[in-house]
$ cat coords_27.cif   # mmCIF, C-alpha atoms
data_final
loop_
_atom_site.label_atom_id
_atom_site.label_comp_id
_atom_site.auth_asym_id
_atom_site.auth_seq_id
_atom_site.Cartn_x
_atom_site.Cartn_y
_atom_site.Cartn_z
CA MET A 1 21.68 -41.36 104.77
CA GLY A 2 21.49 -40.95 108.54
CA SER A 3 21.38 -37.50 110.11
CA TRP A 4 24.57 -38.20 112.07
CA LEU A 5 26.45 -38.95 108.84
CA LYS A 6 24.99 -35.90 107.10
CA ASN A 7 26.02 -33.69 110.01
CA ARG A 8 29.52 -35.18 110.03
CA GLN A 9 29.88 -34.45 106.30
CA LEU A 10 28.76 -30.85 106.83
CA ILE A 11 31.28 -30.40 109.64
CA LYS A 12 34.02 -31.87 107.44
CA GLN A 13 33.15 -29.53 104.58
CA VAL A 14 33.24 -26.48 106.89
CA GLU A 15 36.57 -27.59 108.36
CA GLU A 16 38.05 -28.07 104.88
CA SER A 17 36.85 -24.62 103.84
CA LYS A 18 38.49 -23.12 106.92
CA GLU A 19 41.79 -24.90 106.26
CA THR A 20 41.99 -24.19 102.53
CA LYS A 21 40.46 -20.69 102.71
CA ASN A 22 38.27 -21.64 99.74
CA PRO A 23 36.08 -18.57 99.08
CA HIS A 24 33.14 -20.71 97.92
CA LEU A 25 31.10 -23.13 100.03
CA ASP A 26 28.41 -25.27 98.43
CA LEU A 27 25.87 -26.86 100.81
CA VAL A 28 23.12 -27.57 98.28
CA ASP A 29 20.38 -30.13 99.03
CA ARG A 30 21.82 -31.37 102.32
CA GLY A 31 18.63 -31.46 104.38
CA ILE A 32 19.84 -28.52 106.48
CA SER A 33 17.14 -27.00 108.66
CA LYS A 34 19.09 -24.93 111.22
CA LEU A 35 22.32 -23.09 110.38
CA ILE A 36 23.31 -22.93 114.03
CA ASP A 37 23.64 -26.73 113.91
CA ILE A 38 26.65 -26.41 111.59
CA PRO A 39 29.63 -25.81 113.90
CA GLY A 40 32.12 -23.23 112.66
CA LEU A 41 30.01 -21.95 109.75
CA PHE A 42 29.90 -18.37 111.00
CA MET A 43 33.65 -18.34 111.60
CA LEU A 44 34.39 -18.64 107.86
CA GLU A 45 35.13 -14.94 107.39
CA HIS A 46 36.96 -15.67 104.13
CA LEU A 47 33.77 -16.83 102.36
CA VAL A 48 32.75 -14.81 99.32
CA ARG A 49 29.99 -17.10 98.07
CA LEU A 50 27.74 -19.37 100.13
CA THR A 51 25.21 -21.58 98.38
CA MET A 52 22.60 -23.36 100.50
CA SER A 53 19.74 -23.79 98.06
CA HIS A 54 17.26 -26.70 98.21
CA ASN A 55 17.39 -27.22 101.98
CA LYS A 56 14.83 -26.84 104.78
CA ILE A 57 16.14 -23.63 106.35
CA ASP A 58 13.38 -21.58 107.95
CA VAL A 59 15.38 -19.01 109.93
CA LEU A 60 18.45 -17.05 108.89
CA PRO A 61 20.25 -16.24 112.16
CA ALA A 62 21.65 -12.79 112.87
CA HIS A 63 25.10 -14.41 113.01
CA ILE A 64 25.11 -14.36 109.21
CA VAL A 65 26.71 -10.90 109.43
CA GLU A 66 29.86 -12.52 110.81
CA LEU A 67 30.54 -13.62 107.22
CA LYS A 68 31.82 -10.12 106.52
CA ASN A 69 33.33 -10.86 103.09
CA LEU A 70 30.22 -12.55 101.73
CA GLU A 71 29.23 -11.19 98.32
CA SER A 72 26.74 -13.85 97.23
CA LEU A 73 24.26 -15.76 99.38
CA ASN A 74 22.03 -18.29 97.65
CA LEU A 75 19.15 -19.58 99.78
CA PHE A 76 16.84 -20.51 96.89
CA ASN A 77 14.13 -23.07 97.66
CA ASN A 78 14.16 -22.93 101.47
CA HIS A 79 11.44 -21.86 103.92
CA ILE A 80 12.77 -18.45 104.99
CA GLU A 81 10.04 -15.87 105.55
CA GLU A 82 12.00 -13.14 107.30
CA LEU A 83 15.56 -11.82 107.20
CA PRO A 84 17.51 -10.49 110.17
CA THR A 85 17.52 -6.69 110.18
CA ASN A 86 21.27 -6.58 110.74
CA MET A 87 21.87 -7.93 107.21
CA SER A 88 21.99 -4.32 106.07
CA SER A 89 25.39 -4.14 107.79
CA MET A 90 26.90 -6.57 105.25
CA PRO A 91 28.60 -4.08 102.93
CA LYS A 92 29.99 -6.61 100.46
CA LEU A 93 26.77 -8.58 99.95
CA ARG A 94 25.72 -8.00 96.34
CA GLN A 95 23.54 -11.04 95.56
CA LEU A 96 20.85 -12.53 97.74
CA ASN A 97 18.69 -15.26 96.22
CA LEU A 98 15.71 -16.36 98.29
CA GLY A 99 13.57 -17.54 95.34
#
$ encode --input "coords_27.cif" --output "structure tokens"
Amino acid sequence: MGSWLKNRQLIKQVEESKETKNPHLDLVDRGISKLIDIPGLFMLEHLVRLTMSHNKIDVLPAHIVELKNLESLNLFNNHIEELPTNMSSMPKLRQLNLG
């Protein structure tokens, strides 16, 4: 699948989540390497659970704190070596899986 098509599908999924206010977003095994390349992701303040396991993410941007209702963040099987220090300001975050 081409990267343009993959990106378009990610954008569509984020837009649907925004419209439906679905508290769960599943972006597993999508070949994602940079979260900042997913327009609108950090505007999904209603998200409670975000699953992005089995991707190629190497950096978790500080913007992650904008997901203020996030309780569960699954980043299992990525390439993240360091977390942003401001993550400690996410009071609802209860589960963080970096595996």
$ atom_distance --input "coords_27.cif" --atom1 "atom CA of Asp29 of chain A" --atom2 "atom CA of Asn55 of chain A"
5.1 Å
$ residues_around --input "coords_27.cif" --residues "Glu15 of chain A" --least-positions-apart "2" --cutoff "12 Å" --atoms "only C-alpha atoms" --output "count of residues only"
20
$ resolve_selection --input "coords_27.cif" --expression "the PyMOL selection byres ((chain A and resi 70) around 8)" --output "list in words"
Glu45, His46, Leu47, Val48, Arg49, Leu50, Leu67, Lys68, Asn69, Glu71, Ser72, Leu73, Met90, Lys92 and Leu93 of chain A
$ write_last_selection --input "coords_27.cif" --atoms "C-alpha atoms" --output "short mmCIF file (atom, residue, chain, number, x, y, z; two decimals), in the coordinates of the input"
data_model
loop_
_atom_site.label_atom_id
_atom_site.label_comp_id
_atom_site.auth_asym_id
_atom_site.auth_seq_id
_atom_site.Cartn_x
_atom_site.Cartn_y
_atom_site.Cartn_z
CA GLU A 45 35.13 -14.94 107.39
CA HIS A 46 36.96 -15.67 104.13
CA LEU A 47 33.77 -16.83 102.36
CA VAL A 48 32.75 -14.81 99.32
CA ARG A 49 29.99 -17.10 98.07
CA LEU A 50 27.74 -19.37 100.13
CA LEU A 67 30.54 -13.62 107.22
CA LYS A 68 31.82 -10.12 106.52
CA ASN A 69 33.33 -10.86 103.09
CA GLU A 71 29.23 -11.19 98.32
CA SER A 72 26.74 -13.85 97.23
CA LEU A 73 24.26 -15.76 99.38
CA MET A 90 26.90 -6.57 105.25
CA LYS A 92 29.99 -6.61 100.46
CA LEU A 93 26.77 -8.58 99.95
#
$ atom_distance --input "coords_27.cif" --atom1 "atom CA of Gly31 of chain A" --atom2 "atom CA of Met87 of chain A"
23.9 Å
$ atom_distance --input "coords_27.cif" --atom1 "atom CA of Gly99 of chain A" --atom2 "atom CA of Asn77 of chain A"
6.0 Å
$ closest_residue --input "coords_27.cif" --among "A:Glu16, A:Glu82, A:Asp26, A:Asp37" --to "Val59 of chain A" --atoms "all atoms listed in the file"
A:Glu82
$ closest_residue --input "coords_27.cif" --among "A:Val14, A:Ile36, A:Met52, A:Val65" --to "Ser88 of chain A" --atoms "all atoms listed in the file"
A:Val65
$ resolve_selection --input "coords_27.cif" --expression "the PyMOL selection byres ((chain A and resi 81) around 10)" --output "VMD selection string"
chain A and resid 57 to 60 78 to 80 82 to 83 98
$ closest_residue --input "coords_27.cif" --among "A:Ile64, A:Asn74, A:Ser33, A:Asn7" --to "Asn86 of chain A" --atoms "all atoms listed in the file"
A:Ile64
